[in-house]
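Here is the structure we will look at.
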2 protein chains.
Amino acid sequence: MCLTGMPGSGKTTISEIVKEMGIPVIVMGDVVREEARIRGIEPTPKNLGKLMIELREKMGANVIAKRCVDKIKELNSKIVLVEGVRSLEEVEEFRKVGDVKIVAVHSSPKTRYERLSRRGRSDDPKSWEEFGERDLRELDVGIGRVISLADEMIINEGTLEDLKKNTLKVFRKVIQNDKG
Amino acid sequence: MCLTGMPGSGKTTISEIVKEMGIPVIVMGDVVREEARIRGIEPTPKNLGKLMIELREKMGANVIAKRCVDKIKELNSKIVLVEGVRSLEEVEEFRKVGDVKIVAVHSSPKTRYERLSRRGRSDDPKSWEEFGERDLRELDVGIGRVISLADEMIINEGTLEDLKKNTLKVFRKVIQNDKG
């Protein structure tokens, strides 16, 4: 399964809920963050964005997906969630090794900005302008196409309890269909 | 207000509900269909897609939005819904003449395909391949970016009653905020 969504929409929280369900989770952004650590690059939004584009340009659009496929194979689990899928080319890469369902999470730009401002992770935007730039960078990679073609859409505008309820509902359904 | 969504997601039904609320609706696709009629072109999905691209190439990416802005001005209404917004450039065009809220409607590709197959409008796809091609054509224009940045997301996977309930909830909220 692939999980996609704009920055601050709630991907990390959904991943935590899914992990609690016993499903292993691979985070695509971690591959970029790992690479930044190896190269000694400070993980600011700008640096990570640049590194993501550099990796893609030098090693192909699917370089991050390919590294995740290696991790999926190591896990040897029937169901895996890959968090942070950003393009249809990446989805295709995962389709080569199994059935893929796309789950998208959506929050309004206003909600996402407020959330990211509170979160303050090193790569989170410091202003509305930086937030807009990051959104456009993600959209340039093709994340909007993945969101628009999602098999399941989770709206995250309410409480954590609401998100938990909706996430369990969606993932139980996906698992059920997979067994059927 | 702008309404966006992939083909078969339920834009037309939402527009009907919104019209019943007394809000005037302008359909962007009608501008392309009108132009096809004037030129004597048969309104197949392929022809309308080609014409849309031709209009944009010859007269600018915002040609359809600009024609809609003229229609909005004629209406002289405080709130107008523009159905079928497909790019952020179009959204910007509407922002020039007033406040814009983006409402997106989402259904899974499977649901949308089943719906379109049943609908059988002249420009509806005849096969899964034609359906996929039309999706990609819309995504190439930039519809995925507009969906991903929506202020409100309506999920349309249930009954018509569900859709009506959700639509009224979302549009009442938008109108309320507009008055506040």
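The chains in the structure tokens are called A, B, ... from first to last as shown; in each chain the residues are counted from 1, and the ligands are counted from 1 in the order shown.
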How would chain A read as a short mmCIF file (atom, residue, chain, number, x, y, z; two decimals) with C-alpha atoms, in the first residue's frame once least-squares superposed on chain B using all paired C-alpha atoms?
data_model
loop_
_atom_site.label_atom_id
_atom_site.label_comp_id
_atom_site.auth_asym_id
_atom_site.auth_seq_id
_atom_site.Cartn_x
_atom_site.Cartn_y
_atom_site.Cartn_z
CA MET A 1 -15.86 29.40 -5.32
CA CYS A 2 -14.14 26.85 -7.53
CA LEU A 3 -15.24 23.23 -7.84
CA THR A 4 -12.69 20.69 -9.07
CA GLY A 5 -12.52 16.92 -9.34
CA MET A 6 -11.51 14.16 -11.74
CA PRO A 7 -13.96 13.00 -14.46
CA GLY A 8 -16.84 11.08 -12.92
CA SER A 9 -16.15 12.23 -9.36
CA GLY A 10 -19.54 13.99 -9.08
CA LYS A 11 -19.00 17.62 -10.07
CA THR A 12 -22.24 17.89 -12.04
CA THR A 13 -24.32 16.46 -9.19
CA ILE A 14 -22.71 18.84 -6.70
CA SER A 15 -23.41 21.75 -9.06
CA GLU A 16 -27.08 20.78 -9.18
CA ILE A 17 -27.27 20.70 -5.38
CA VAL A 18 -25.51 24.08 -5.17
CA LYS A 19 -27.90 25.58 -7.75
CA GLU A 20 -30.80 24.44 -5.56
CA MET A 21 -29.17 26.44 -2.74
CA GLY A 22 -29.64 29.51 -4.95
CA ILE A 23 -25.97 29.88 -5.91
CA PRO A 24 -25.35 30.47 -9.66
CA VAL A 25 -23.03 27.94 -11.35
CA ILE A 26 -20.74 28.44 -14.34
CA VAL A 27 -19.48 25.23 -16.00
CA MET A 28 -15.99 25.58 -17.54
CA GLY A 29 -16.45 22.48 -19.72
CA ASP A 30 -19.48 24.18 -21.31
CA VAL A 31 -17.16 26.85 -22.71
CA VAL A 32 -15.21 24.13 -24.55
CA ARG A 33 -18.43 22.34 -25.61
CA GLU A 34 -19.90 25.64 -26.88
CA GLU A 35 -16.75 26.27 -28.91
CA ALA A 36 -16.97 22.73 -30.34
CA ARG A 37 -20.58 23.38 -31.36
CA ILE A 38 -19.67 26.68 -33.04
CA ARG A 39 -16.86 24.94 -34.94
CA GLY A 40 -19.03 21.95 -35.84
CA ILE A 41 -16.77 19.51 -34.00
CA GLU A 42 -18.30 16.28 -32.66
CA PRO A 43 -18.00 16.36 -28.82
CA THR A 44 -16.08 13.08 -28.30
CA PRO A 45 -13.63 12.96 -25.37
CA LYS A 46 -10.72 13.02 -27.82
CA ASN A 47 -12.06 16.00 -29.79
CA LEU A 48 -12.93 18.03 -26.69
CA GLY A 49 -9.54 17.23 -25.16
CA LYS A 50 -7.76 18.32 -28.34
CA LEU A 51 -9.87 21.48 -28.61
CA MET A 52 -9.17 22.34 -24.95
CA ILE A 53 -5.40 22.00 -25.59
CA GLU A 54 -5.64 23.92 -28.89
CA LEU A 55 -7.56 26.79 -27.26
CA ARG A 56 -4.99 26.96 -24.47
CA GLU A 57 -2.00 26.85 -26.85
CA LYS A 58 -3.34 29.47 -29.24
CA MET A 59 -5.04 31.80 -26.79
CA GLY A 60 -3.16 31.23 -23.53
CA ALA A 61 -3.51 28.80 -20.60
CA ASN A 62 -6.21 30.98 -19.03
CA VAL A 63 -8.46 31.47 -22.06
CA ILE A 64 -11.31 29.40 -20.59
CA ALA A 65 -11.00 31.01 -17.15
CA LYS A 66 -11.07 34.46 -18.74
CA ARG A 67 -14.31 33.67 -20.57
CA CYS A 68 -15.76 32.51 -17.24
CA VAL A 69 -14.67 35.73 -15.53
CA ASP A 70 -16.73 37.65 -18.13
CA LYS A 71 -19.72 35.46 -17.25
CA ILE A 72 -19.14 35.99 -13.50
CA LYS A 73 -19.19 39.77 -14.00
CA GLU A 74 -22.46 39.54 -15.95
CA LEU A 75 -24.07 37.55 -13.10
CA ASN A 76 -23.39 40.30 -10.55
CA SER A 77 -23.84 37.79 -7.68
CA LYS A 78 -21.95 37.86 -4.37
CA ILE A 79 -21.20 34.14 -4.58
CA VAL A 80 -20.66 32.12 -7.77
CA LEU A 81 -19.54 28.53 -8.22
CA VAL A 82 -17.24 27.78 -11.16
CA GLU A 83 -17.35 24.07 -11.96
CA GLY A 84 -14.39 22.29 -13.56
CA VAL A 85 -11.35 24.38 -12.61
CA ARG A 86 -8.28 22.46 -13.86
CA SER A 87 -5.13 24.42 -13.02
CA LEU A 88 -3.66 26.76 -10.41
CA GLU A 89 -3.24 29.36 -13.19
CA GLU A 90 -7.03 29.34 -13.60
CA VAL A 91 -7.49 29.71 -9.83
CA GLU A 92 -5.17 32.74 -9.98
CA GLU A 93 -7.33 34.21 -12.77
CA PHE A 94 -10.40 33.97 -10.51
CA ARG A 95 -8.46 35.38 -7.52
CA LYS A 96 -8.03 38.59 -9.55
CA VAL A 97 -11.77 39.27 -9.30
CA GLY A 98 -12.54 38.07 -5.76
CA ASP A 99 -11.97 35.69 -2.87
CA VAL A 100 -11.62 32.08 -3.97
CA LYS A 101 -12.30 28.89 -2.04
CA ILE A 102 -11.42 25.62 -3.73
CA VAL A 103 -13.82 22.72 -3.20
CA ALA A 104 -12.66 19.32 -4.50
CA VAL A 105 -14.67 16.13 -4.88
CA HIS A 106 -12.94 12.76 -4.81
CA SER A 107 -13.92 9.24 -5.84
CA SER A 108 -11.60 6.30 -6.50
CA PRO A 109 -10.70 5.52 -10.15
CA LYS A 110 -12.76 2.30 -9.89
CA THR A 111 -15.89 4.20 -8.75
CA ARG A 112 -15.41 6.93 -11.36
CA TYR A 113 -14.99 4.43 -14.18
CA GLU A 114 -18.13 2.54 -13.21
CA ARG A 115 -20.07 5.81 -13.00
CA LEU A 116 -18.87 7.12 -16.38
CA SER A 117 -19.59 3.77 -18.04
CA ARG A 118 -23.18 4.03 -16.80
CA ARG A 119 -23.51 7.73 -17.70
CA GLY A 120 -22.49 7.42 -21.34
CA ARG A 121 -22.33 11.15 -22.16
CA SER A 122 -20.90 11.75 -25.66
CA ASP A 123 -17.51 12.66 -24.22
CA ASP A 124 -17.37 9.76 -21.74
CA PRO A 125 -14.74 7.04 -22.15
CA LYS A 126 -15.66 3.72 -23.76
CA SER A 127 -12.89 1.61 -22.15
CA TRP A 128 -10.56 1.50 -19.13
CA GLU A 129 -7.72 2.61 -21.44
CA GLU A 130 -9.67 5.61 -22.76
CA PHE A 131 -10.60 6.41 -19.14
CA GLY A 132 -6.93 6.33 -18.08
CA GLU A 133 -5.94 8.53 -21.03
CA ARG A 134 -8.58 11.10 -20.13
CA ASP A 135 -7.40 11.12 -16.51
CA LEU A 136 -3.82 11.76 -17.61
CA ARG A 137 -4.94 14.52 -19.99
CA GLU A 138 -6.70 16.27 -17.10
CA LEU A 139 -3.68 15.74 -14.83
CA ASP A 140 -1.36 17.16 -17.51
CA VAL A 141 -3.37 20.41 -17.43
CA GLY A 142 -2.73 20.54 -13.68
CA ILE A 143 -5.99 19.40 -12.05
CA GLY A 144 -4.06 17.34 -9.47
CA ARG A 145 -2.49 20.51 -8.10
CA VAL A 146 -5.88 22.15 -7.62
CA ILE A 147 -7.34 19.06 -5.93
CA SER A 148 -4.33 18.77 -3.59
CA LEU A 149 -4.63 22.41 -2.49
CA ALA A 150 -8.41 22.29 -1.93
CA ASP A 151 -9.85 24.18 1.04
CA GLU A 152 -12.64 21.62 1.28
CA MET A 153 -12.64 17.99 0.16
CA ILE A 154 -15.86 16.05 -0.43
CA ILE A 155 -15.59 12.26 -0.69
CA ASN A 156 -18.18 10.77 -3.04
CA GLU A 157 -18.21 7.01 -2.60
CA GLY A 158 -21.67 6.56 -1.08
CA THR A 159 -25.26 7.32 -2.02
CA LEU A 160 -26.69 10.46 -3.59
CA GLU A 161 -28.13 11.29 -0.15
CA ASP A 162 -24.62 11.15 1.40
CA LEU A 163 -23.31 13.45 -1.33
CA LYS A 164 -26.18 15.88 -0.81
CA LYS A 165 -25.58 15.97 2.95
CA ASN A 166 -21.84 16.55 2.59
CA THR A 167 -22.29 19.16 -0.14
CA LEU A 168 -24.80 21.18 1.91
CA LYS A 169 -22.48 20.99 4.94
CA VAL A 170 -19.43 22.20 3.01
CA PHE A 171 -21.18 24.98 1.07
CA ARG A 172 -23.11 26.26 4.10
CA LYS A 173 -19.77 26.51 5.92
CA VAL A 174 -18.14 28.36 3.03
CA ILE A 175 -21.08 30.79 2.74
CA GLN A 176 -21.10 31.32 6.52
CA ASN A 177 -17.38 32.16 6.59
CA ASP A 178 -17.87 34.48 3.65
CA LYS A 179 -20.52 36.41 5.58
CA GLY A 180 -18.53 36.44 8.83
#
* Output as a PyMOL selection string all residues of region 21-145 of chain A that backbone DSSP marks as helix (DSSP H, G or I). => chain A and resi 28-39+45-59+63-75+88-95+109-119+128-141+143-145
* Asked: So which residues of chain B fall under strand (DSSP E or B) by DSSP, listed as number ranges by chain?
  -> B: 2-5, 25-27, 81-83, 102-106, 152-155
